[in-house]
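Raw contents of entry-v3.txt, compact mmCIF, C-alpha atoms (C1' of nucleotides):
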# COMPACT_ATOMS: atom_id res chain seq x y z
CA MET A 24 13.95 6.02 -100.77
CA PHE A 25 13.61 2.89 -98.72
CA PRO A 26 15.68 3.25 -95.56
CA VAL A 27 17.81 0.15 -95.71
CA GLU A 28 18.75 -1.25 -92.39
CA PHE A 29 21.94 -3.19 -92.35
CA ASP A 30 22.49 -5.42 -89.33
CA VAL A 31 26.02 -6.52 -88.66
CA GLU A 32 25.60 -10.03 -87.27
CA ALA A 33 29.26 -10.92 -86.77
CA THR A 34 32.66 -9.45 -87.49
CA SER A 35 36.19 -10.71 -87.95
CA GLY A 36 38.54 -7.76 -87.97
CA ARG A 37 36.91 -5.41 -90.47
CA ALA A 38 35.04 -8.25 -92.21
CA ARG A 39 31.28 -8.35 -91.59
CA ALA A 40 28.57 -10.93 -91.88
CA GLY A 41 25.33 -9.05 -92.13
CA ARG A 42 21.78 -8.78 -93.28
CA ALA A 43 20.41 -5.93 -95.37
CA LEU A 44 16.74 -5.07 -95.68
CA THR A 45 15.00 -3.77 -98.80
CA ALA A 46 11.29 -3.05 -99.29
CA ARG A 47 10.73 -6.49 -100.77
CA GLY A 48 12.95 -8.59 -98.57
CA ASP A 49 16.39 -8.98 -97.09
CA TYR A 50 19.66 -10.48 -98.20
CA GLU A 51 22.57 -11.97 -96.32
CA THR A 52 26.11 -10.75 -96.78
CA PRO A 53 28.79 -11.18 -97.97
CA CYS A 54 26.81 -11.54 -101.17
CA PHE A 55 27.61 -12.14 -104.84
CA MET A 56 25.11 -10.73 -107.31
CA PRO A 57 25.16 -12.30 -110.78
CA VAL A 58 24.86 -9.93 -113.71
CA GLY A 59 21.87 -10.02 -116.04
CA THR A 60 22.57 -6.91 -118.07
CA ARG A 61 19.61 -7.10 -120.41
CA GLY A 62 17.20 -8.81 -118.05
CA ALA A 63 18.74 -12.29 -118.02
CA ILE A 64 21.88 -13.88 -116.67
CA ARG A 65 23.25 -15.15 -119.94
CA TYR A 66 22.29 -18.76 -120.58
CA LEU A 67 20.31 -18.99 -117.34
CA SER A 68 16.64 -18.56 -116.57
CA ALA A 69 14.88 -17.37 -113.45
CA ASP A 70 14.47 -20.96 -112.24
CA ASP A 71 18.23 -21.31 -112.35
CA TYR A 72 18.73 -18.18 -110.27
CA HIS A 73 17.19 -19.97 -107.31
CA ALA A 74 19.11 -23.15 -107.97
CA VAL A 75 22.50 -21.41 -108.03
CA GLY A 76 21.64 -19.65 -104.79
CA ALA A 77 21.26 -16.11 -106.10
CA ARG A 78 19.38 -13.61 -103.99
CA ILE A 79 19.94 -10.41 -106.01
CA VAL A 80 20.36 -10.22 -109.78
CA LEU A 81 21.63 -7.14 -111.61
CA GLY A 82 20.20 -5.41 -114.62
CA ASN A 83 21.69 -2.54 -116.56
CA THR A 84 19.82 0.73 -116.96
CA TYR A 85 21.50 1.78 -120.18
CA HIS A 86 20.81 -1.50 -121.95
CA LEU A 87 17.26 -1.96 -120.64
CA MET A 88 16.38 1.63 -121.44
CA LEU A 89 17.30 1.07 -125.08
CA ARG A 90 15.76 -2.39 -125.27
CA PRO A 91 13.00 -3.06 -124.49
CA GLY A 92 12.62 0.41 -122.94
CA ALA A 93 12.14 1.44 -119.33
CA GLU A 94 8.44 2.24 -119.77
CA LEU A 95 7.80 -1.22 -121.16
CA VAL A 96 9.61 -2.90 -118.26
CA GLY A 97 7.56 -0.77 -115.88
CA GLU A 98 4.31 -1.71 -117.62
CA MET A 99 5.26 -5.36 -117.31
CA GLY A 100 5.50 -4.99 -113.55
CA GLY A 101 9.13 -4.00 -113.16
CA LEU A 102 12.35 -5.83 -113.80
CA GLY A 103 11.79 -8.69 -111.37
CA ARG A 104 8.27 -9.55 -112.45
CA PHE A 105 9.08 -8.99 -116.13
CA SER A 106 11.92 -11.50 -115.93
CA GLY A 107 9.99 -14.02 -113.86
CA TRP A 108 12.34 -13.58 -110.94
CA ASP A 109 10.86 -13.27 -107.47
CA GLY A 110 14.17 -12.55 -105.75
CA LEU A 111 15.70 -9.10 -105.49
CA THR A 112 17.01 -6.92 -108.29
CA LEU A 113 19.49 -4.07 -108.61
CA THR A 114 20.08 -1.82 -111.59
CA ASP A 115 23.41 -0.33 -112.40
CA SER A 116 22.90 3.23 -113.52
CA GLY A 117 24.81 3.18 -116.76
CA GLY A 118 27.83 4.70 -115.07
CA PHE A 119 30.02 1.86 -116.19
CA GLN A 120 28.99 2.52 -119.79
CA VAL A 121 30.50 5.96 -119.25
CA PHE A 122 33.73 4.02 -118.96
CA SER A 123 33.18 1.26 -121.49
CA LEU A 124 31.44 3.17 -124.30
CA GLY A 125 33.34 6.45 -124.06
CA PRO A 126 30.48 8.97 -124.41
CA LYS A 127 30.83 12.75 -124.32
CA ILE A 128 30.75 13.90 -120.69
CA ASP A 129 29.91 17.39 -119.46
CA ASP A 130 29.04 18.79 -116.06
CA ASP A 131 25.35 18.13 -116.56
CA GLY A 132 25.47 14.56 -117.88
CA VAL A 133 26.62 12.26 -120.66
CA THR A 134 25.66 11.72 -124.28
CA PHE A 135 25.91 8.18 -125.61
CA LYS A 136 25.68 6.94 -129.13
CA SER A 137 23.37 3.94 -128.85
CA THR A 138 25.15 0.64 -129.33
CA TYR A 139 21.99 -0.67 -131.02
CA ASP A 140 21.14 1.91 -133.66
CA GLY A 141 23.55 4.83 -133.28
CA ASP A 142 20.92 7.21 -131.92
CA LEU A 143 22.20 9.80 -129.46
CA VAL A 144 21.09 9.06 -125.90
CA ARG A 145 21.24 11.81 -123.30
CA PHE A 146 21.74 10.77 -119.70
CA THR A 147 21.73 12.98 -116.63
CA PRO A 148 21.68 12.03 -112.93
CA GLU A 149 17.98 12.88 -112.81
CA ARG A 150 17.19 10.96 -115.97
CA ALA A 151 19.07 7.93 -114.61
CA VAL A 152 16.91 8.04 -111.46
CA ASP A 153 13.69 8.41 -113.46
CA VAL A 154 14.56 5.55 -115.77
CA GLN A 155 15.55 3.31 -112.89
CA GLN A 156 12.35 4.15 -111.04
CA MET A 157 10.46 2.96 -114.10
CA ILE A 158 12.51 -0.21 -114.38
CA GLY A 159 11.72 -0.67 -110.73
CA ALA A 160 14.56 -2.72 -109.30
CA ASP A 161 14.74 -3.01 -105.52
CA ILE A 162 17.98 -1.09 -105.49
CA GLN A 163 19.16 1.53 -107.94
CA MET A 164 22.57 3.14 -108.31
CA VAL A 165 23.36 6.80 -108.89
CA LEU A 166 24.90 7.81 -112.20
CA ASP A 167 28.64 8.14 -111.69
CA VAL A 168 31.74 8.83 -113.76
CA CYS A 169 34.06 5.85 -113.92
CA PRO A 170 37.46 6.74 -115.38
CA ALA A 171 39.90 4.13 -116.67
CA LEU A 172 43.01 3.43 -114.62
CA PRO A 173 45.60 4.73 -114.89
CA SER A 174 44.26 8.18 -115.73
CA PRO A 175 45.92 11.58 -115.17
CA PRO A 176 45.13 13.15 -111.76
CA GLU A 177 42.99 15.86 -113.35
CA VAL A 178 40.80 13.19 -114.98
CA ILE A 179 40.37 11.31 -111.69
CA ASP A 180 39.67 14.57 -109.92
CA LEU A 181 37.07 15.71 -112.43
CA ALA A 182 35.36 12.28 -112.30
CA LEU A 183 35.30 12.54 -108.52
CA ARG A 184 33.82 16.05 -108.55
CA ARG A 185 31.13 15.16 -111.10
CA THR A 186 30.28 11.90 -109.32
CA GLY A 187 29.84 13.85 -106.09
CA GLU A 188 27.65 16.56 -107.64
CA TRP A 189 25.61 13.99 -109.53
CA ALA A 190 25.10 11.96 -106.35
CA GLN A 191 23.56 14.99 -104.69
CA ARG A 192 21.26 15.60 -107.66
CA ALA A 193 20.23 11.94 -107.79
CA ARG A 194 19.54 11.90 -104.07
CA ALA A 195 17.34 14.98 -104.35
CA HIS A 196 15.47 13.64 -107.37
CA HIS A 197 14.76 10.12 -106.15
CA SER A 198 11.14 9.75 -105.01
CA ARG A 199 10.14 6.09 -105.01
CA THR A 200 9.82 5.07 -101.40
CA ASP A 201 9.82 1.32 -102.07
CA GLN A 202 13.17 1.47 -103.84
CA SER A 203 16.62 1.89 -102.31
CA LEU A 204 19.24 4.23 -103.73
CA PHE A 205 22.97 3.64 -103.43
CA GLY A 206 25.63 6.34 -103.83
CA ILE A 207 28.98 5.57 -105.42
CA VAL A 208 32.50 6.32 -104.17
CA GLN A 209 35.15 7.16 -106.79
CA GLY A 210 38.75 8.38 -106.52
CA GLY A 211 40.99 6.07 -108.55
CA ILE A 212 43.76 4.38 -106.60
CA SER A 213 44.41 7.34 -104.32
CA PRO A 214 43.52 6.61 -100.66
CA GLU A 215 43.16 10.35 -100.03
CA LEU A 216 40.65 10.82 -102.83
CA ARG A 217 38.80 7.66 -101.83
CA GLU A 218 38.52 8.91 -98.26
CA ARG A 219 37.27 12.29 -99.40
CA SER A 220 34.74 10.67 -101.74
CA ALA A 221 33.53 8.24 -99.07
CA ILE A 222 32.98 11.04 -96.57
CA HIS A 223 31.23 13.28 -99.06
CA THR A 224 28.99 10.49 -100.33
CA SER A 225 28.14 9.36 -96.80
CA GLU A 226 27.03 12.88 -95.89
CA LEU A 227 24.29 12.54 -98.51
CA ASP A 228 22.92 9.58 -96.51
CA PHE A 229 22.29 6.87 -99.07
CA ASP A 230 20.76 3.45 -98.38
CA GLY A 231 24.03 1.83 -99.33
CA TYR A 232 27.32 2.65 -100.95
CA GLY A 233 28.88 1.45 -104.14
CA ILE A 234 32.62 1.60 -104.54
CA GLY A 235 33.24 2.10 -108.24
CA GLY A 236 36.11 2.68 -110.57
CA LEU A 237 38.18 -0.26 -109.39
CA SER A 238 39.31 -3.29 -111.36
CA VAL A 239 39.50 -1.14 -114.43
CA GLY A 240 43.18 -1.61 -115.20
CA GLU A 241 45.02 -1.39 -111.88
CA THR A 242 46.63 -4.29 -109.99
CA ARG A 243 45.14 -5.77 -106.86
CA ASP A 244 48.01 -4.28 -104.84
CA GLU A 245 47.00 -0.84 -106.11
CA MET A 246 43.32 -1.49 -105.49
CA ILE A 247 43.54 -2.62 -101.83
CA PRO A 248 44.72 0.66 -100.18
CA ALA A 249 42.15 2.68 -102.12
CA LEU A 250 39.40 0.24 -101.16
CA SER A 251 40.54 0.23 -97.55
CA ALA A 252 40.37 4.02 -97.38
CA ALA A 253 36.85 3.97 -98.79
CA THR A 254 35.36 1.35 -96.44
CA ALA A 255 37.04 2.96 -93.44
CA HIS A 256 34.96 6.10 -93.99
CA LEU A 257 31.60 4.58 -94.86
CA PRO A 258 28.87 4.17 -92.24
CA VAL A 259 28.83 0.84 -90.44
CA ASN A 260 25.07 0.35 -90.70
CA ARG A 261 24.82 0.48 -94.48
CA PRO A 262 25.86 -2.12 -97.05
CA ARG A 263 29.03 -1.54 -99.09
CA TYR A 264 29.08 -2.77 -102.64
CA LEU A 265 32.34 -3.18 -104.57
CA MET A 266 31.21 -2.80 -108.14
CA GLY A 267 32.39 -5.10 -110.87
CA VAL A 268 34.88 -7.11 -108.85
CA GLY A 269 34.60 -10.88 -108.73
CA ASP A 270 37.93 -12.71 -108.86
CA PRO A 271 38.21 -14.90 -105.77
CA ALA A 272 41.34 -13.24 -104.37
CA SER A 273 39.80 -9.77 -104.62
CA LEU A 274 36.52 -11.02 -103.14
CA VAL A 275 38.18 -12.36 -100.02
CA GLU A 276 40.44 -9.32 -99.66
CA ALA A 277 37.54 -6.92 -100.09
CA VAL A 278 35.42 -8.81 -97.56
CA ALA A 279 38.36 -8.59 -95.18
CA LEU A 280 38.18 -4.80 -95.61
CA GLY A 281 34.47 -4.66 -94.83
CA VAL A 282 32.80 -4.96 -98.24
CA ASP A 283 29.42 -6.69 -98.21
CA GLN A 284 28.34 -7.26 -101.78
CA PHE A 285 29.75 -7.68 -105.27
CA ASP A 286 28.78 -8.15 -108.86
CA CYS A 287 30.93 -9.35 -111.72
CA VAL A 288 30.52 -10.52 -115.29
CA MET A 289 33.63 -12.66 -115.06
CA GLN A 290 31.80 -15.76 -113.82
CA THR A 291 29.51 -15.91 -116.82
CA ARG A 292 32.03 -14.58 -119.32
CA LEU A 293 34.59 -17.21 -118.30
CA GLY A 294 31.83 -19.80 -118.33
CA ARG A 295 30.77 -18.92 -121.86
CA HIS A 296 34.32 -19.24 -123.08
CA GLY A 297 35.36 -22.41 -121.32
CA THR A 298 36.99 -21.55 -117.99
CA ALA A 299 35.72 -23.05 -114.73
CA LEU A 300 36.31 -21.59 -111.28
CA THR A 301 37.17 -24.38 -108.85
CA SER A 302 38.53 -24.87 -105.36
CA THR A 303 41.95 -25.54 -106.91
CA GLY A 304 41.93 -22.54 -109.25
CA LYS A 305 40.92 -21.83 -112.83
CA VAL A 306 40.43 -24.81 -115.09
CA HIS A 307 40.38 -24.39 -118.87
CA MET A 308 37.79 -26.90 -119.91
CA LYS A 309 38.77 -26.89 -123.59
CA ASN A 310 42.15 -28.36 -122.71
CA VAL A 311 42.75 -31.84 -124.06
CA ARG A 312 43.71 -33.16 -120.64
CA HIS A 313 40.01 -33.24 -119.70
CA ALA A 314 39.01 -35.36 -122.70
CA ARG A 315 38.76 -38.60 -120.71
CA ASP A 316 38.22 -37.14 -117.24
CA ASP A 317 35.11 -38.60 -115.65
CA SER A 318 35.35 -36.37 -112.56
CA PRO A 319 33.23 -33.25 -111.97
CA LEU A 320 34.41 -29.68 -112.52
CA ASP A 321 35.05 -29.39 -108.80
CA ALA A 322 34.70 -32.34 -106.45
CA ALA A 323 34.11 -29.89 -103.60
CA CYS A 324 31.23 -28.12 -105.36
CA ALA A 325 27.62 -28.90 -104.50
CA CYS A 326 26.07 -27.40 -107.65
CA ALA A 327 23.77 -29.36 -109.95
CA VAL A 328 26.30 -29.40 -112.79
CA CYS A 329 28.99 -30.93 -110.59
CA ALA A 330 26.47 -33.44 -109.29
CA ARG A 331 25.64 -34.71 -112.77
CA HIS A 332 28.24 -33.96 -115.42
CA SER A 333 31.84 -34.98 -116.08
CA ARG A 334 34.68 -32.82 -117.29
CA ALA A 335 34.89 -35.07 -120.34
CA TYR A 336 31.29 -34.31 -121.29
CA ILE A 337 31.62 -30.58 -120.74
CA ARG A 338 34.80 -30.48 -122.80
CA HIS A 339 33.05 -32.37 -125.56
CA LEU A 340 30.23 -29.80 -125.57
CA PHE A 341 32.76 -26.99 -125.92
CA GLN A 342 34.66 -28.76 -128.67
CA THR A 343 31.50 -29.22 -130.67
CA GLY A 344 30.14 -25.74 -129.99
CA GLU A 345 27.02 -26.85 -128.15
CA PRO A 346 25.36 -23.88 -126.39
CA THR A 347 24.79 -26.16 -123.40
CA ALA A 348 28.52 -25.99 -122.75
CA ALA A 349 28.31 -22.28 -122.02
CA ARG A 350 25.18 -22.79 -119.98
CA LEU A 351 26.64 -25.51 -117.75
CA LEU A 352 29.85 -23.60 -117.04
CA SER A 353 28.04 -20.31 -116.46
CA TYR A 354 25.75 -22.09 -114.04
CA HIS A 355 28.63 -23.69 -112.20
CA ASN A 356 30.75 -20.52 -112.01
CA VAL A 357 27.88 -18.49 -110.56
CA ALA A 358 26.90 -21.23 -108.10
CA TRP A 359 30.53 -21.73 -107.13
CA THR A 360 31.05 -18.03 -106.42
CA ILE A 361 27.84 -17.71 -104.42
CA ALA A 362 28.95 -20.73 -102.39
CA LEU A 363 32.30 -19.03 -101.83
CA MET A 364 30.48 -16.02 -100.38
CA GLY A 365 28.41 -18.31 -98.18
CA ALA A 366 31.59 -19.94 -96.90
CA MET A 367 33.02 -16.52 -96.10
CA ARG A 368 29.87 -15.60 -94.22
CA ALA A 369 30.05 -18.82 -92.22
CA ALA A 370 33.75 -18.30 -91.51
CA ILE A 371 33.15 -14.76 -90.24
CA LYS A 372 30.41 -16.03 -87.96
CA ASP A 373 32.38 -18.92 -86.53
CA GLY A 374 35.65 -17.05 -86.16
CA THR A 375 37.66 -18.87 -88.82
CA PHE A 376 37.75 -16.14 -91.44
CA PRO A 377 41.50 -15.42 -91.20
CA ALA A 378 42.30 -19.05 -92.01
CA PHE A 379 39.67 -19.14 -94.73
CA ARG A 380 41.08 -15.99 -96.28
CA ALA A 381 44.59 -17.45 -96.25
CA SER A 382 43.43 -20.62 -97.94
CA VAL A 383 41.65 -18.71 -100.71
CA LEU A 384 44.68 -16.50 -101.27
CA GLY A 385 46.85 -19.62 -101.34
CA VAL A 386 44.98 -20.78 -104.42
CA TRP A 387 44.13 -17.51 -106.15
CA ALA A 388 46.67 -14.84 -105.21
C1' G B 28 39.65 -41.40 -175.35
C1' U B 29 40.51 -35.84 -176.28
C1' G B 30 40.93 -31.07 -174.14
C1' G B 31 40.91 -27.81 -169.79
C1' G B 32 41.26 -26.83 -164.44
C1' C B 33 43.15 -28.23 -159.71
C1' G B 34 46.90 -30.99 -156.25
C1' U B 35 51.07 -26.08 -150.97
C1' A B 36 49.60 -26.82 -142.78
C1' G B 37 44.04 -30.92 -140.13
C1' C B 38 40.41 -27.72 -143.61
C1' U B 39 39.78 -23.57 -147.31
C1' C B 40 43.28 -21.22 -150.01
C1' A B 41 47.50 -17.10 -151.28
C1' G B 42 52.35 -17.40 -153.50
C1' C B 43 53.73 -19.65 -159.71
C1' C B 44 52.79 -15.39 -165.03
C1' U B 45 58.21 -12.34 -164.01
C1' G B 46 62.97 -18.51 -160.23
C1' G B 47 66.44 -15.45 -155.26
C1' U B 48 66.63 -14.61 -147.03
C1' U B 49 64.01 -19.20 -142.77
C1' A B 50 57.05 -20.89 -147.94
C1' G B 51 52.30 -17.35 -145.77
C1' A B 52 46.89 -16.22 -144.31
C1' G B 53 42.02 -17.43 -142.39
C1' C B 54 39.67 -21.28 -139.83
C1' G B 55 40.77 -25.48 -136.68
C1' U B 56 44.16 -27.55 -132.77
C1' C B 57 47.24 -26.55 -128.29
C1' A B 58 48.49 -23.00 -124.21
C1' G B 59 47.51 -18.21 -121.65
C1' G B 60 44.47 -13.71 -120.85
C1' U B 61 39.29 -11.93 -119.79
C1' U B 62 36.32 -7.97 -113.59
C1' G B 63 29.28 -2.33 -112.66
C1' U B 64 28.75 -8.13 -120.35
C1' G B 65 27.12 -7.58 -127.51
C1' G B 66 27.55 -15.31 -127.76
C1' C B 67 33.23 -11.82 -128.10
C1' C B 68 38.02 -10.16 -128.26
C1' C B 69 43.47 -10.29 -127.32
C1' U B 70 48.44 -12.87 -126.92
C1' G B 71 51.62 -16.95 -127.86
C1' A B 72 52.75 -22.00 -129.82
C1' A B 73 52.68 -26.47 -132.59
C1' G B 74 51.82 -28.06 -137.40
C1' G B 75 54.58 -28.31 -144.61
C1' C B 76 59.64 -34.46 -148.58
C1' C B 77 54.77 -27.37 -151.82
C1' G B 78 51.15 -35.12 -155.06
C1' G B 79 55.59 -38.31 -157.05
C1' G B 80 59.92 -38.76 -160.38
C1' G B 81 63.33 -36.66 -163.75
C1' G B 82 65.45 -32.26 -166.13
C1' U B 83 67.19 -26.91 -166.84
C1' U B 84 69.81 -23.49 -163.52
C1' C B 85 74.68 -20.95 -159.11
C1' A B 86 69.55 -21.37 -157.21
C1' A B 87 62.93 -24.57 -158.44
C1' G B 88 56.65 -24.24 -154.59
C1' U B 89 57.68 -21.13 -159.11
C1' C B 90 60.31 -23.00 -165.70
C1' C B 91 60.35 -27.87 -168.92
C1' C B 92 59.19 -33.33 -169.46
C1' C B 93 56.99 -37.79 -167.53
C1' U B 94 53.68 -39.82 -164.09
C1' C B 95 49.68 -40.43 -160.26
C1' G B 96 45.12 -38.51 -158.19
C1' C B 97 40.68 -35.36 -158.17
C1' U B 98 37.42 -32.57 -161.24
C1' C B 99 34.84 -30.28 -165.52
C1' A B 100 33.66 -30.16 -170.70
C1' C B 101 33.38 -32.74 -175.23
C1' C B 102 33.02 -37.62 -177.57
Would you mind giving the structure from this file in structure tokens?
Amino acid sequence: MFPVEFDVEATSGRARAGRALTARGDYETPCFMPVGTRGAIRYLSADDYHAVGARIVLGNTYHLMLRPGAELVGEMGGLGRFSGWDGLTLTDSGGFQVFSLGPKIDDDGVTFKSTYDGDLVRFTPERAVDVQQMIGADIQMVLDVCPALPSPPEVIDLALRRTGEWAQRARAHHSRTDQSLFGIVQGGISPELRERSAIHTSELDFDGYGIGGLSVGETRDEMIPALSAATAHLPVNRPRYLMGVGDPASLVEAVALGVDQFDCVMQTRLGRHGTALTSTGKVHMKNVRHARDDSPLDAACACAVCARHSRAYIRHLFQTGEPTAARLLSYHNVAWTIALMGAMRAAIKDGTFPAFRASVLGVWA
RNA sequence: GUGGGCGUAGCUCAGCCUGGUUAGAGCGUCAGGUUGUGGCCCUGAAGGCCGGGGGUUCAAGUCCCCUCGCUCACC
């Protein structure tokens, strides 16, 4: 386990601007990590990752294990080298697939039916660590149990207990010293359970801490107190990662509560299907009102798509089903979100974060 | 020219045989949704002189006659 150091460079209330160190380099926070589930951010290539300002790109253990296989990725030099990406990488453990694919769960692990060929796939905390060590991302996540919300208390409680036990097993099993391992806090929308989970997970002394099981059906008003309870009981000198959350209002609220990094598929999913994130809110690019609009997606955006292309052109590409449409909007949405995180970081450092937060909430809340 | 088939939403078609609320579907269009990703998926809306005319009937997209258009086969 690589002992991540996390330097808090500036604070504004509970919000932090920081720098985290991994074996292969550091990253500045607050940080948005685009999702490349199967080894690529959809429609983008490694060259683009730099251009949109990404520093860490996600991969998914479950998907990569099935195709092309963890051994193969390892043989090819690990996820970063395999995908031609010289920035940092993080693999999600497959815990979210426990939520999204509904496998059989027992105390020892989970059994998936492969989404590719129907084969049964057995996953335990130890197996998740082994597979992720082969895939070789800079940061790996423990296998957790992510229940849907709302779920009955006994379901949340069982998920919490298993996540805690599995975290301990993963921690004990992890051996790669050039790779960081993050634990994951669960507990539904209950502040009490979140506090308990945060304390228990912290005692295992991970390199960083994921906060999982949020944005899975609850409202933002339900999410905030649970998130607040979690970050309040996590160590200051380790990065906190709110998993799967990426809408601008939640990003700014989570940063205000001391979260440092995020991932989300929303940016690329919205981009593929025609919605742009802009400084004035969501814009549906398929709408006819853009047909003769020569202006960029967002006049305040510095990305390459906004520098070159009009709304009229992008709408045309969507109307005619050109794959470039999805590419351009995915590119913009990722770049836009990373820029938003950079603006938050700057605002925390120069003392204007409260005003910045209010302005974001004014558009997105 | 003769015989057959087809004309219903922007497109592809159900419905006609056996007449009966306000004529439906898929796709497309328009408007929303999308949160640790299978290029999807979900919700809502707009949009019809049922080719035209005449007839039968209490009632016609539906039955009858005429007509126009498209199409196939045969001369």
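Atom C1' of B:C40 is found 13.2 Å from atom C1' of B:C77.
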Identify every residue of chain A that has at least one atom within 8 Å of any atom of chain B, counting all atoms listed in the file, and report the result as a list in words. Val58, Thr60, Asp115, Gly118, Phe119, Gly235, Ser238, Val239, Met266, Gly267, Val268, Gly269, Asp270, Asp286, Cys287, Val288, Met289, Arg292, Leu293, Arg295 and Asn310 of chain A
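The spacing separating atom CA of A:Leu95 from atom CA of A:Arg192 amounts to 25.4 Å.
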Surrounding residues of A:Gly110 excluding itself and chain neighbours under 4 positions, 12 Å, all atoms listed in the file, as a PDB file with C-alpha atoms, in the coordinates of the input:
ATOM      1  CA  THR A  45      15.000  -3.770 -98.800  1.00  0.00           C
ATOM      2  CA  ALA A  46      11.290  -3.050 -99.290  1.00  0.00           C
ATOM      3  CA  ARG A  47      10.730  -6.490-100.770  1.00  0.00           C
ATOM      4  CA  GLY A  48      12.950  -8.590 -98.570  1.00  0.00           C
ATOM      5  CA  ASP A  49      16.390  -8.980 -97.090  1.00  0.00           C
ATOM      6  CA  TYR A  50      19.660 -10.480 -98.200  1.00  0.00           C
ATOM      7  CA  MET A  56      25.110 -10.730-107.310  1.00  0.00           C
ATOM      8  CA  ALA A  69      14.880 -17.370-113.450  1.00  0.00           C
ATOM      9  CA  ASP A  70      14.470 -20.960-112.240  1.00  0.00           C
ATOM     10  CA  ASP A  71      18.230 -21.310-112.350  1.00  0.00           C
ATOM     11  CA  TYR A  72      18.730 -18.180-110.270  1.00  0.00           C
ATOM     12  CA  HIS A  73      17.190 -19.970-107.310  1.00  0.00           C
ATOM     13  CA  ALA A  74      19.110 -23.150-107.970  1.00  0.00           C
ATOM     14  CA  GLY A  76      21.640 -19.650-104.790  1.00  0.00           C
ATOM     15  CA  ALA A  77      21.260 -16.110-106.100  1.00  0.00           C
ATOM     16  CA  ARG A  78      19.380 -13.610-103.990  1.00  0.00           C
ATOM     17  CA  ILE A  79      19.940 -10.410-106.010  1.00  0.00           C
ATOM     18  CA  VAL A  80      20.360 -10.220-109.780  1.00  0.00           C
ATOM     19  CA  LEU A  81      21.630  -7.140-111.610  1.00  0.00           C
ATOM     20  CA  LEU A 102      12.350  -5.830-113.800  1.00  0.00           C
ATOM     21  CA  GLY A 103      11.790  -8.690-111.370  1.00  0.00           C
ATOM     22  CA  ARG A 104       8.270  -9.550-112.450  1.00  0.00           C
ATOM     23  CA  SER A 106      11.920 -11.500-115.930  1.00  0.00           C
ATOM     24  CA  ALA A 160      14.560  -2.720-109.300  1.00  0.00           C
ATOM     25  CA  ASP A 161      14.740  -3.010-105.520  1.00  0.00           C
TER      26      ASP A 161
END
Could you pull the residues within 10 Å of A:Ser174, counting all atoms listed in the file, minus those fewer than 5 positions along the same chain, as an MDAnalysis selection string? chainID A and resid 179:180 211:212 240
Who sits within 12 Å of B:C43, only C-alpha atoms (C1' of nucleotides), same chain under 6 positions skipped, as a list in words: U35, C77, A87, G88, U89 and C90 of chain B
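One finds atom CA of A:Gly125 at 12.8 Å from atom CA of A:Leu143.
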